[in-house]
Amino acid sequence: MSNRLKGVKSLIVVGTLAALVAGCSNSGGNVDKATNAENETSFTYTGAGPITDKPVTLSILGTNAWSTNVDLAKADIVNEIVKRAGIEVNWELIPPQNYADAVSPRLAAGIDLPDIVYMPDQDQLMKYIKSGLVIPINELYEKYAVNLKSIYEKSPDIKASLTTPDGKMYYVPQQVLTKNYMPLFMVNMRWLDALGLKEPTTLDEFTEMLRKFKNDDPNQNGEQDEVPFTSDPKFIPMAFGPVFGMDLSNQFYTDDSNKVHFGYYEPVYKDYLTYLNGLYKEGLLSMDFASTTGDQVTARFSQNTAGATFNFSWYTSMVYSPLFADYDPSTPIIKGILPLKGPGGDQFYVGRTPVSGIFGISKNSKNPDAAFKFLDMAVSDEAKDNYTWGLEGITYEVVDGKKQFTEQGKNNDFIQKLGIGPVNLPNMQSTDSTDVLVAPWHAEMDKKIEPFIKAPFPFVYALPEEASIENQYMADITTYVDEMNLKFITGKENLDKFDAYLSSLKGMGIEEVLEGKQAQYDRYIAAVK
């Protein structure tokens, strides 16, 4: 359940919402003392390419594209970034599906590492940092950073998240949208019209809508084949948790007084379970909800048997609505709605943390200066245009000072092969390019929803003692929560046992974990200030 939405394969394949340690020792000594050709030149890096006036070859370990027919090492957008940098890159790219399993043993060995490494996780417990696998980049940041400094000045929360408690920085971030085109409830508008219903605004209205979807033949085929609500199970906590004031998808969240909560340990979690158990018993939540796949949801919409779901906003106009042969892009069929107002007055969707991945400079890098400058250039506005718009004259053009996609730029297969949103670089996503790509009604709806987006619990490094407690308790806690969640919703465990469930969590150490999370959040708030 911990940030389950990260890396959703189908989003990366279909969407264009887009659309690492040098030193003299493993402890990360003074980078400037490293053998480094970059120190021997008077060349001045400006934030744009080229990054050097000398021959430089960097080695980079990272993930390849989710699409199996795309090799990012040969993709035109990636090659354009490298060409502007004025260097050569030896890519070692591994399919993202098994990247962590493939590179973790190599990182554990810590030998013969490339210059730059895309880390298999965000290193929240500082495992790679403490092992000396990656070097601190503070001196490189002060000496060379142009674009990264600009990002941190605009978004001090990102810098705060990626600064360790002792004030050091080790990683360059890959960034995603945090408030736009987020996951949301989406409804079959044709079913609403057929039944004379309005878009639901409260949980009660939503529930009544589902009942009518089930019983009143909204697809008008004379059969009771409608599935009122269907969703990939990982979205269910993100869908219904906020209605009861909780962020269950990220497990931990804070209230208005900056107190940290574990959603699955809150008394109101019982109300959430009671509601979902009611949907399940009425047949409003599909009987196979715990095993439903994204492909099944898509198939149900294509057969006009699905009434509502919860998924990334992207799917409304770019996937689900176009499934209908008579879809007119000026009129939505599957449309996102504002968050539902819950029993306690809560009304929000959960956003995303801005950092989706991290790149570090390895202790084996022979040219950490060039490695850092390349990463800094790769987070420039110019590079961002390439990540999100592609290549001028091929996928987009500028008309009257505004970018617009060409017909090729609207072809998903073409832009995927071109390397749009390349995951082997510290790419960034763009609201502007997405606004142009989606249907006008979709972009308009996104702006109406934006004020209702609530930031999730931030990424914060754990101190050793905090990491020890999390390592000791959280795996078992998460397993127990998952098991009981399913049992409560399906009725295999009576909700009369909820107090006993809370007692079990307490005995498993959740309150000790919460103490550590509170300390982490307090440090984060202090760092942002």
# chains A, B, ... in the order shown; residues from 1 in each chain; ligands from 1

$ select_by_dssp --residues "region 277-447 of chain A" --states "helix (DSSP H, G or I)" --output "PyMOL selection string"
chain A and resi 277-282+294-302+314-323+368-377+381-389+408-410+412-418+431-437+440-447

$ write_last_selection --atoms "C-alpha atoms" --output "PDB file, in the first residue's frame"
ATOM      1  CA  ASN A 277     -18.494  -3.826   3.035  1.00  0.00           C
ATOM      2  CA  GLY A 278     -21.929  -2.368   2.259  1.00  0.00           C
ATOM      3  CA  LEU A 279     -21.009  -1.849  -1.397  1.00  0.00           C
ATOM      4  CA  TYR A 280     -19.727  -5.401  -1.571  1.00  0.00           C
ATOM      5  CA  LYS A 281     -22.861  -6.925  -0.014  1.00  0.00           C
ATOM      6  CA  GLU A 282     -25.133  -4.937  -2.366  1.00  0.00           C
ATOM      7  CA  GLY A 294      -6.661  -2.599 -15.497  1.00  0.00           C
ATOM      8  CA  ASP A 295      -7.284  -4.562 -18.690  1.00  0.00           C
ATOM      9  CA  GLN A 296     -10.556  -5.878 -17.256  1.00  0.00           C
ATOM     10  CA  VAL A 297     -11.677  -2.355 -16.432  1.00  0.00           C
ATOM     11  CA  THR A 298     -10.884  -1.240 -19.981  1.00  0.00           C
ATOM     12  CA  ALA A 299     -12.760  -4.246 -21.403  1.00  0.00           C
ATOM     13  CA  ARG A 300     -15.837  -3.437 -19.300  1.00  0.00           C
ATOM     14  CA  PHE A 301     -15.916   0.124 -20.601  1.00  0.00           C
ATOM     15  CA  SER A 302     -15.445  -1.086 -24.173  1.00  0.00           C
ATOM     16  CA  TRP A 314      -5.519  10.672 -18.320  1.00  0.00           C
ATOM     17  CA  TYR A 315      -7.752   7.692 -18.979  1.00  0.00           C
ATOM     18  CA  THR A 316     -10.975   9.684 -19.305  1.00  0.00           C
ATOM     19  CA  SER A 317     -10.273  11.297 -22.679  1.00  0.00           C
ATOM     20  CA  MET A 318      -7.291   9.294 -23.890  1.00  0.00           C
ATOM     21  CA  VAL A 319      -8.356   5.711 -23.181  1.00  0.00           C
ATOM     22  CA  TYR A 320     -11.903   5.106 -21.991  1.00  0.00           C
ATOM     23  CA  SER A 321     -13.974   7.629 -23.966  1.00  0.00           C
ATOM     24  CA  PRO A 322     -12.311   6.735 -27.311  1.00  0.00           C
ATOM     25  CA  LEU A 323     -13.378   3.109 -26.775  1.00  0.00           C
ATOM     26  CA  PRO A 368      31.978  13.223 -11.221  1.00  0.00           C
ATOM     27  CA  ASP A 369      32.091  16.836 -12.424  1.00  0.00           C
ATOM     28  CA  ALA A 370      30.937  15.874 -15.917  1.00  0.00           C
ATOM     29  CA  ALA A 371      28.399  13.444 -14.456  1.00  0.00           C
ATOM     30  CA  PHE A 372      26.857  16.179 -12.336  1.00  0.00           C
ATOM     31  CA  LYS A 373      26.827  18.724 -15.152  1.00  0.00           C
ATOM     32  CA  PHE A 374      25.124  16.220 -17.430  1.00  0.00           C
ATOM     33  CA  LEU A 375      22.418  15.580 -14.821  1.00  0.00           C
ATOM     34  CA  ASP A 376      22.000  19.320 -14.278  1.00  0.00           C
ATOM     35  CA  MET A 377      21.660  19.960 -18.008  1.00  0.00           C
ATOM     36  CA  ASP A 381      13.731  23.745 -19.323  1.00  0.00           C
ATOM     37  CA  GLU A 382      15.089  22.900 -22.770  1.00  0.00           C
ATOM     38  CA  ALA A 383      15.360  19.236 -21.825  1.00  0.00           C
ATOM     39  CA  LYS A 384      11.882  19.347 -20.277  1.00  0.00           C
ATOM     40  CA  ASP A 385      10.499  20.482 -23.627  1.00  0.00           C
ATOM     41  CA  ASN A 386      12.053  17.416 -25.225  1.00  0.00           C
ATOM     42  CA  TYR A 387      10.685  15.094 -22.537  1.00  0.00           C
ATOM     43  CA  THR A 388       7.133  16.391 -22.824  1.00  0.00           C
ATOM     44  CA  TRP A 389       6.807  17.801 -26.356  1.00  0.00           C
ATOM     45  CA  GLN A 408       2.889  12.693 -35.533  1.00  0.00           C
ATOM     46  CA  GLY A 409       3.047  14.153 -32.029  1.00  0.00           C
ATOM     47  CA  LYS A 410      -0.460  12.865 -31.380  1.00  0.00           C
ATOM     48  CA  ASN A 412       1.223   7.412 -29.299  1.00  0.00           C
ATOM     49  CA  ASP A 413       3.215   4.639 -31.006  1.00  0.00           C
ATOM     50  CA  PHE A 414       5.368   7.179 -32.808  1.00  0.00           C
ATOM     51  CA  ILE A 415       6.193   9.292 -29.771  1.00  0.00           C
ATOM     52  CA  GLN A 416       6.910   6.227 -27.622  1.00  0.00           C
ATOM     53  CA  LYS A 417       9.516   5.045 -30.139  1.00  0.00           C
ATOM     54  CA  LEU A 418      10.900   8.580 -30.276  1.00  0.00           C
ATOM     55  CA  THR A 431       0.906  20.444 -17.526  1.00  0.00           C
ATOM     56  CA  ASP A 432       1.136  22.645 -20.635  1.00  0.00           C
ATOM     57  CA  SER A 433       1.806  19.810 -23.062  1.00  0.00           C
ATOM     58  CA  THR A 434      -0.893  17.651 -21.511  1.00  0.00           C
ATOM     59  CA  ASP A 435      -3.431  20.486 -21.700  1.00  0.00           C
ATOM     60  CA  VAL A 436      -2.861  20.659 -25.452  1.00  0.00           C
ATOM     61  CA  LEU A 437      -2.923  16.909 -25.982  1.00  0.00           C
ATOM     62  CA  PRO A 440     -10.609  20.606 -24.226  1.00  0.00           C
ATOM     63  CA  TRP A 441     -13.278  19.414 -21.773  1.00  0.00           C
ATOM     64  CA  HIS A 442     -10.651  17.301 -20.050  1.00  0.00           C
ATOM     65  CA  ALA A 443      -8.189  20.175 -19.604  1.00  0.00           C
ATOM     66  CA  GLU A 444     -11.002  22.374 -18.310  1.00  0.00           C
ATOM     67  CA  MET A 445     -12.077  19.755 -15.797  1.00  0.00           C
ATOM     68  CA  ASP A 446      -8.501  19.307 -14.591  1.00  0.00           C
ATOM     69  CA  LYS A 447      -8.300  22.975 -13.604  1.00  0.00           C
TER      70      LYS A 447
END

$ closest_atom_pairs --of "region 307-372 of chain A" --to "region 455-474 of chain A" --cutoff "9 Å" --atoms "only C-alpha atoms" --output "tab-separated table"
residue	atom	partner	partner_atom	distance
A:Tyr349	CA	A:Ala455	CA	8.9
A:Val350	CA	A:Ala455	CA	6.2
A:Gly351	CA	A:Ala455	CA	5.1
A:Arg352	CA	A:Pro456	CA	6.1
A:Thr353	CA	A:Pro458	CA	6.3
A:Pro354	CA	A:Pro458	CA	8.8
A:Val355	CA	A:Phe459	CA	8.1

$ atom_distance --atom1 "CA of Arg211 (chain A)" --atom2 "CA of Met182 (chain A)"
26.4 Å

$ closest_residue --among "A:Phe262, A:Asn424, A:Lys487, A:Gln220" --to "Glu512 (chain A)" --atoms "only C-alpha atoms"
A:Phe262

$ atom_distance --atom1 "CA of Trp91 (chain A)" --atom2 "CA of Ser59 (chain A)"
6.0 Å

$ atom_distance --atom1 "CA of Asn215 (chain A)" --atom2 "CA of Asn311 (chain A)"
24.3 Å

$ residues_around --residues "region 223-231 of chain A" --least-positions-apart "3" --cutoff "7 Å" --atoms "only C-alpha atoms" --output "ChimeraX atom specification"
/A:210,213-214,217,235,284-286,289,292,297,305-310

$ select_by_dssp --residues "region 263-466 of chain A" --states "strand (DSSP E)" --output "list in words"
Ala306, Gly307, Ala308, Thr309, Phe310, Asn311, Phe312, Ile334, Lys335, Gly336, Tyr349, Val350, Val355, Ser356, Gly357, Ile358, Phe359, Gly360, Ile361, Tyr396, Glu397, Val398, Val399, Lys402, Lys403, Gln404, Phe405, Ile453 and Lys454 of chain A

$ write_last_selection --atoms "N, CA and C atoms" --output "JSON list (two decimals), in the first residue's frame"
[["chain", "number", "residue", "atom", "x", "y", "z"],
["A", 306, "ALA", "N", -19.53, -0.96, -17.68],
["A", 306, "ALA", "CA", -18.94, -0.32, -16.50],
["A", 306, "ALA", "C", -19.55, 1.05, -16.30],
["A", 307, "GLY", "N", -19.92, 1.34, -15.05],
["A", 307, "GLY", "CA", -20.55, 2.62, -14.75],
["A", 307, "GLY", "C", -19.60, 3.66, -14.19],
["A", 308, "ALA", "N", -18.68, 3.24, -13.33],
["A", 308, "ALA", "CA", -17.76, 4.18, -12.69],
["A", 308, "ALA", "C", -16.47, 3.47, -12.33],
["A", 309, "THR", "N", -15.41, 4.23, -12.24],
["A", 309, "THR", "CA", -14.12, 3.68, -11.84],
["A", 309, "THR", "C", -13.30, 4.78, -11.18],
["A", 310, "PHE", "N", -12.07, 4.42, -10.82],
["A", 310, "PHE", "CA", -11.11, 5.38, -10.27],
["A", 310, "PHE", "C", -9.77, 5.06, -10.91],
["A", 311, "ASN", "N", -9.18, 6.07, -11.55],
["A", 311, "ASN", "CA", -7.92, 5.86, -12.25],
["A", 311, "ASN", "C", -7.30, 7.22, -12.52],
["A", 312, "PHE", "N", -6.11, 7.22, -13.10],
["A", 312, "PHE", "CA", -5.49, 8.48, -13.47],
["A", 312, "PHE", "C", -6.39, 9.22, -14.46],
["A", 334, "ILE", "N", -16.77, 9.12, -20.75],
["A", 334, "ILE", "CA", -16.28, 8.77, -19.41],
["A", 334, "ILE", "C", -15.57, 10.00, -18.87],
["A", 335, "LYS", "N", -16.12, 10.60, -17.84],
["A", 335, "LYS", "CA", -15.66, 11.92, -17.40],
["A", 335, "LYS", "C", -15.30, 11.92, -15.92],
["A", 336, "GLY", "N", -14.23, 12.63, -15.58],
["A", 336, "GLY", "CA", -13.86, 12.79, -14.19],
["A", 336, "GLY", "C", -14.80, 13.74, -13.47],
["A", 349, "TYR", "N", -8.90, 15.00, -3.30],
["A", 349, "TYR", "CA", -8.16, 13.89, -3.90],
["A", 349, "TYR", "C", -6.72, 14.00, -3.41],
["A", 350, "VAL", "N", -6.01, 12.88, -3.41],
["A", 350, "VAL", "CA", -4.62, 12.87, -2.99],
["A", 350, "VAL", "C", -3.71, 13.10, -4.20],
["A", 355, "VAL", "N", 8.87, 13.79, -6.42],
["A", 355, "VAL", "CA", 10.03, 12.98, -6.83],
["A", 355, "VAL", "C", 9.58, 11.55, -7.11],
["A", 356, "SER", "N", 9.77, 11.12, -8.35],
["A", 356, "SER", "CA", 9.38, 9.76, -8.73],
["A", 356, "SER", "C", 10.56, 8.82, -8.85],
["A", 357, "GLY", "N", 11.76, 9.36, -8.87],
["A", 357, "GLY", "CA", 12.96, 8.55, -8.99],
["A", 357, "GLY", "C", 14.18, 9.41, -8.73],
["A", 358, "ILE", "N", 15.34, 8.77, -8.52],
["A", 358, "ILE", "CA", 16.56, 9.52, -8.20],
["A", 358, "ILE", "C", 17.76, 8.94, -8.93],
["A", 359, "PHE", "N", 18.67, 9.84, -9.30],
["A", 359, "PHE", "CA", 19.93, 9.47, -9.94],
["A", 359, "PHE", "C", 21.08, 9.88, -9.02],
["A", 360, "GLY", "N", 22.04, 8.98, -8.84],
["A", 360, "GLY", "CA", 23.21, 9.28, -8.03],
["A", 360, "GLY", "C", 24.48, 9.10, -8.81],
["A", 361, "ILE", "N", 25.54, 9.76, -8.35],
["A", 361, "ILE", "CA", 26.86, 9.61, -8.96],
["A", 361, "ILE", "C", 27.64, 8.60, -8.12],
["A", 396, "TYR", "N", 6.18, 18.54, -32.57],
["A", 396, "TYR", "CA", 5.49, 19.79, -32.24],
["A", 396, "TYR", "C", 6.04, 20.93, -33.07],
["A", 397, "GLU", "N", 5.26, 21.98, -33.13],
["A", 397, "GLU", "CA", 5.70, 23.21, -33.81],
["A", 397, "GLU", "C", 5.22, 24.39, -32.99],
["A", 398, "VAL", "N", 5.83, 25.53, -33.22],
["A", 398, "VAL", "CA", 5.46, 26.75, -32.50],
["A", 398, "VAL", "C", 4.69, 27.65, -33.45],
["A", 399, "VAL", "N", 3.45, 27.95, -33.08],
["A", 399, "VAL", "CA", 2.58, 28.80, -33.89],
["A", 399, "VAL", "C", 2.12, 29.98, -33.02],
["A", 402, "LYS", "N", 3.12, 29.78, -29.45],
["A", 402, "LYS", "CA", 2.61, 28.69, -28.62],
["A", 402, "LYS", "C", 2.92, 27.34, -29.27],
["A", 403, "LYS", "N", 3.32, 26.40, -28.44],
["A", 403, "LYS", "CA", 3.61, 25.07, -28.96],
["A", 403, "LYS", "C", 2.31, 24.33, -29.22],
["A", 404, "GLN", "N", 2.33, 23.52, -30.27],
["A", 404, "GLN", "CA", 1.19, 22.65, -30.54],
["A", 404, "GLN", "C", 1.72, 21.36, -31.18],
["A", 405, "PHE", "N", 1.06, 20.26, -30.87],
["A", 405, "PHE", "CA", 1.50, 18.97, -31.38],
["A", 405, "PHE", "C", 1.17, 18.84, -32.86],
["A", 453, "ILE", "N", -6.86, 19.13, -4.69],
["A", 453, "ILE", "CA", -5.77, 18.17, -4.55],
["A", 453, "ILE", "C", -5.00, 18.46, -3.26],
["A", 454, "LYS", "N", -4.84, 17.43, -2.45],
["A", 454, "LYS", "CA", -4.11, 17.55, -1.18],
["A", 454, "LYS", "C", -2.78, 16.83, -1.29]]

$ closest_residue --among "A:Ser150, A:Thr164, A:Arg523, A:Gln303" --to "Asn219 (chain A)" --atoms "only C-alpha atoms"
A:Gln303

$ residues_around --residues "region 192-204 of chain A" --least-positions-apart "4" --cutoff "8 Å" --atoms "only C-alpha atoms" --output "list in words"
Asn188, Glu208, Met209, Lys212, Asp216, Pro218, Asn219, Val243, Ile337, Leu338, Pro339, Leu340, Lys341, Gly342 and Pro343 of chain A

$ write_last_selection --atoms "all heavy atoms" --output "mmCIF file, in the first residue's frame"
data_model
loop_
_atom_site.group_PDB
_atom_site.id
_atom_site.type_symbol
_atom_site.label_atom_id
_atom_site.label_comp_id
_atom_site.auth_asym_id
_atom_site.auth_seq_id
_atom_site.Cartn_x
_atom_site.Cartn_y
_atom_site.Cartn_z
ATOM 1 N N ASN A 188 -19.581 7.132 -16.193
ATOM 2 C CA ASN A 188 -20.148 6.978 -17.533
ATOM 3 C C ASN A 188 -21.283 7.987 -17.692
ATOM 4 O O ASN A 188 -22.377 7.814 -17.157
ATOM 5 C CB ASN A 188 -20.674 5.544 -17.706
ATOM 6 C CG ASN A 188 -21.072 5.235 -19.130
ATOM 7 O OD1 ASN A 188 -21.604 6.083 -19.845
ATOM 8 N ND2 ASN A 188 -20.834 3.994 -19.542
ATOM 9 N N GLU A 208 -26.162 6.122 -4.254
ATOM 10 C CA GLU A 208 -27.463 5.985 -4.884
ATOM 11 C C GLU A 208 -27.318 5.844 -6.395
ATOM 12 O O GLU A 208 -28.062 5.087 -7.041
ATOM 13 C CB GLU A 208 -28.343 7.185 -4.544
ATOM 14 C CG GLU A 208 -29.780 7.077 -5.027
ATOM 15 C CD GLU A 208 -30.502 5.851 -4.480
ATOM 16 O OE1 GLU A 208 -30.185 5.405 -3.353
ATOM 17 O OE2 GLU A 208 -31.401 5.331 -5.189
ATOM 18 N N MET A 209 -26.348 6.538 -6.972
ATOM 19 C CA MET A 209 -26.071 6.400 -8.403
ATOM 20 C C MET A 209 -25.672 4.964 -8.727
ATOM 21 O O MET A 209 -26.136 4.378 -9.715
ATOM 22 C CB MET A 209 -24.953 7.359 -8.816
ATOM 23 C CG MET A 209 -24.541 7.249 -10.282
ATOM 24 S SD MET A 209 -22.953 8.067 -10.633
ATOM 25 C CE MET A 209 -21.791 6.899 -9.877
ATOM 26 N N LYS A 212 -28.650 2.654 -8.849
ATOM 27 C CA LYS A 212 -29.421 2.801 -10.090
ATOM 28 C C LYS A 212 -28.672 2.193 -11.271
ATOM 29 O O LYS A 212 -29.285 1.612 -12.178
ATOM 30 C CB LYS A 212 -29.747 4.272 -10.331
ATOM 31 C CG LYS A 212 -30.764 4.846 -9.338
ATOM 32 C CD LYS A 212 -31.130 6.276 -9.683
ATOM 33 C CE LYS A 212 -32.163 6.820 -8.714
ATOM 34 N NZ LYS A 212 -33.451 6.078 -8.799
ATOM 35 N N ASP A 216 -31.256 -0.364 -12.911
ATOM 36 C CA ASP A 216 -32.140 0.325 -13.859
ATOM 37 C C ASP A 216 -31.710 0.229 -15.321
ATOM 38 O O ASP A 216 -32.127 1.041 -16.145
ATOM 39 C CB ASP A 216 -32.289 1.799 -13.455
ATOM 40 C CG ASP A 216 -33.017 1.961 -12.129
ATOM 41 O OD1 ASP A 216 -33.472 0.941 -11.574
ATOM 42 O OD2 ASP A 216 -33.116 3.111 -11.643
ATOM 43 N N PRO A 218 -28.966 0.942 -17.257
ATOM 44 C CA PRO A 218 -28.518 2.175 -17.914
ATOM 45 C C PRO A 218 -27.912 1.960 -19.299
ATOM 46 O O PRO A 218 -27.893 2.893 -20.113
ATOM 47 C CB PRO A 218 -27.487 2.746 -16.941
ATOM 48 C CG PRO A 218 -27.011 1.567 -16.162
ATOM 49 C CD PRO A 218 -28.191 0.660 -16.028
ATOM 50 N N ASN A 219 -27.397 0.762 -19.599
ATOM 51 C CA ASN A 219 -26.873 0.547 -20.954
ATOM 52 C C ASN A 219 -27.958 0.090 -21.922
ATOM 53 O O ASN A 219 -27.697 -0.139 -23.106
ATOM 54 C CB ASN A 219 -25.685 -0.426 -20.953
ATOM 55 C CG ASN A 219 -26.058 -1.825 -20.502
ATOM 56 O OD1 ASN A 219 -27.241 -2.161 -20.349
ATOM 57 N ND2 ASN A 219 -25.042 -2.661 -20.281
ATOM 58 N N VAL A 243 -12.604 10.344 1.227
ATOM 59 C CA VAL A 243 -13.997 10.633 1.555
ATOM 60 C C VAL A 243 -14.204 10.581 3.074
ATOM 61 O O VAL A 243 -15.062 11.261 3.623
ATOM 62 C CB VAL A 243 -14.939 9.632 0.851
ATOM 63 C CG1 VAL A 243 -16.391 9.985 1.117
ATOM 64 C CG2 VAL A 243 -14.675 9.621 -0.652
ATOM 65 N N ILE A 337 -14.966 13.524 -12.165
ATOM 66 C CA ILE A 337 -15.846 14.374 -11.371
ATOM 67 C C ILE A 337 -15.074 14.940 -10.184
ATOM 68 O O ILE A 337 -13.998 14.454 -9.832
ATOM 69 C CB ILE A 337 -17.086 13.600 -10.872
ATOM 70 C CG1 ILE A 337 -16.661 12.449 -9.957
ATOM 71 C CG2 ILE A 337 -17.919 13.098 -12.043
ATOM 72 C CD1 ILE A 337 -17.836 11.729 -9.284
ATOM 73 N N LEU A 338 -15.631 15.974 -9.582
ATOM 74 C CA LEU A 338 -15.027 16.542 -8.385
ATOM 75 C C LEU A 338 -15.016 15.506 -7.266
ATOM 76 O O LEU A 338 -15.838 14.582 -7.264
ATOM 77 C CB LEU A 338 -15.802 17.779 -7.931
ATOM 78 C CG LEU A 338 -15.759 19.005 -8.845
ATOM 79 C CD1 LEU A 338 -16.654 20.104 -8.284
ATOM 80 C CD2 LEU A 338 -14.332 19.523 -9.009
ATOM 81 N N PRO A 339 -14.089 15.628 -6.306
ATOM 82 C CA PRO A 339 -14.082 14.653 -5.211
ATOM 83 C C PRO A 339 -15.401 14.679 -4.446
ATOM 84 O O PRO A 339 -16.047 15.723 -4.324
ATOM 85 C CB PRO A 339 -12.909 15.117 -4.339
ATOM 86 C CG PRO A 339 -12.672 16.536 -4.709
ATOM 87 C CD PRO A 339 -13.046 16.646 -6.149
ATOM 88 N N LEU A 340 -15.785 13.532 -3.953
ATOM 89 C CA LEU A 340 -17.042 13.416 -3.223
ATOM 90 C C LEU A 340 -16.895 13.985 -1.816
ATOM 91 O O LEU A 340 -15.866 13.784 -1.160
ATOM 92 C CB LEU A 340 -17.450 11.947 -3.127
ATOM 93 C CG LEU A 340 -17.613 11.203 -4.458
ATOM 94 C CD1 LEU A 340 -17.815 9.710 -4.210
ATOM 95 C CD2 LEU A 340 -18.775 11.786 -5.261
ATOM 96 N N LYS A 341 -17.913 14.689 -1.367
ATOM 97 C CA LYS A 341 -17.915 15.195 0.002
ATOM 98 C C LYS A 341 -18.366 14.066 0.923
ATOM 99 O O LYS A 341 -19.413 13.449 0.719
ATOM 100 C CB LYS A 341 -18.846 16.396 0.140
ATOM 101 C CG LYS A 341 -18.811 17.039 1.519
ATOM 102 C CD LYS A 341 -19.624 18.323 1.567
ATOM 103 C CE LYS A 341 -18.943 19.423 0.763
ATOM 104 N NZ LYS A 341 -19.629 20.730 0.928
ATOM 105 N N GLY A 342 -17.548 13.782 1.927
ATOM 106 C CA GLY A 342 -17.828 12.666 2.812
ATOM 107 C C GLY A 342 -18.672 13.024 4.014
ATOM 108 O O GLY A 342 -19.054 14.187 4.202
ATOM 109 N N PRO A 343 -18.965 12.045 4.869
ATOM 110 C CA PRO A 343 -19.811 12.252 6.040
ATOM 111 C C PRO A 343 -19.278 13.326 6.987
ATOM 112 O O PRO A 343 -20.058 14.013 7.653
ATOM 113 C CB PRO A 343 -19.815 10.883 6.722
ATOM 114 C CG PRO A 343 -19.471 9.917 5.635
ATOM 115 C CD PRO A 343 -18.553 10.642 4.727
#

$ decode --residues "region 205-209 of chain A" --atoms "all heavy atoms" --output "PDB file, in the first residue's frame"
ATOM      1  N   GLU A 205     -24.923  10.504  -2.632  1.00  0.00           N
ATOM      2  CA  GLU A 205     -25.383  10.590  -4.022  1.00  0.00           C
ATOM      3  C   GLU A 205     -24.650   9.571  -4.903  1.00  0.00           C
ATOM      4  O   GLU A 205     -25.248   8.971  -5.799  1.00  0.00           O
ATOM      5  CB  GLU A 205     -25.159  12.002  -4.565  1.00  0.00           C
ATOM      6  CG  GLU A 205     -26.056  13.063  -3.928  1.00  0.00           C
ATOM      7  CD  GLU A 205     -25.732  14.471  -4.402  1.00  0.00           C
ATOM      8  OE1 GLU A 205     -24.789  14.631  -5.211  1.00  0.00           O
ATOM      9  OE2 GLU A 205     -26.420  15.404  -3.959  1.00  0.00           O
ATOM     10  N   PHE A 206     -23.376   9.388  -4.636  1.00  0.00           N
ATOM     11  CA  PHE A 206     -22.582   8.423  -5.397  1.00  0.00           C
ATOM     12  C   PHE A 206     -23.127   7.012  -5.184  1.00  0.00           C
ATOM     13  O   PHE A 206     -23.280   6.233  -6.140  1.00  0.00           O
ATOM     14  CB  PHE A 206     -21.117   8.506  -4.962  1.00  0.00           C
ATOM     15  CG  PHE A 206     -20.186   7.601  -5.713  1.00  0.00           C
ATOM     16  CD1 PHE A 206     -19.720   7.943  -6.972  1.00  0.00           C
ATOM     17  CD2 PHE A 206     -19.751   6.398  -5.158  1.00  0.00           C
ATOM     18  CE1 PHE A 206     -18.854   7.115  -7.675  1.00  0.00           C
ATOM     19  CE2 PHE A 206     -18.888   5.562  -5.845  1.00  0.00           C
ATOM     20  CZ  PHE A 206     -18.438   5.921  -7.102  1.00  0.00           C
ATOM     21  N   THR A 207     -23.435   6.684  -3.931  1.00  0.00           N
ATOM     22  CA  THR A 207     -23.954   5.354  -3.619  1.00  0.00           C
ATOM     23  C   THR A 207     -25.302   5.114  -4.292  1.00  0.00           C
ATOM     24  O   THR A 207     -25.547   4.038  -4.860  1.00  0.00           O
ATOM     25  CB  THR A 207     -24.104   5.178  -2.102  1.00  0.00           C
ATOM     26  OG1 THR A 207     -22.871   5.550  -1.455  1.00  0.00           O
ATOM     27  CG2 THR A 207     -24.448   3.750  -1.743  1.00  0.00           C
ATOM     28  N   GLU A 208     -26.162   6.122  -4.254  1.00  0.00           N
ATOM     29  CA  GLU A 208     -27.463   5.985  -4.884  1.00  0.00           C
ATOM     30  C   GLU A 208     -27.318   5.844  -6.395  1.00  0.00           C
ATOM     31  O   GLU A 208     -28.062   5.087  -7.041  1.00  0.00           O
ATOM     32  CB  GLU A 208     -28.343   7.185  -4.544  1.00  0.00           C
ATOM     33  CG  GLU A 208     -29.780   7.077  -5.027  1.00  0.00           C
ATOM     34  CD  GLU A 208     -30.502   5.851  -4.480  1.00  0.00           C
ATOM     35  OE1 GLU A 208     -30.185   5.405  -3.353  1.00  0.00           O
ATOM     36  OE2 GLU A 208     -31.401   5.331  -5.189  1.00  0.00           O
ATOM     37  N   MET A 209     -26.348   6.538  -6.972  1.00  0.00           N
ATOM     38  CA  MET A 209     -26.071   6.400  -8.403  1.00  0.00           C
ATOM     39  C   MET A 209     -25.672   4.964  -8.727  1.00  0.00           C
ATOM     40  O   MET A 209     -26.136   4.378  -9.715  1.00  0.00           O
ATOM     41  CB  MET A 209     -24.953   7.359  -8.816  1.00  0.00           C
ATOM     42  CG  MET A 209     -24.541   7.249 -10.282  1.00  0.00           C
ATOM     43  SD  MET A 209     -22.953   8.067 -10.633  1.00  0.00           S
ATOM     44  CE  MET A 209     -21.791   6.899  -9.877  1.00  0.00           C
TER      45      MET A 209
END
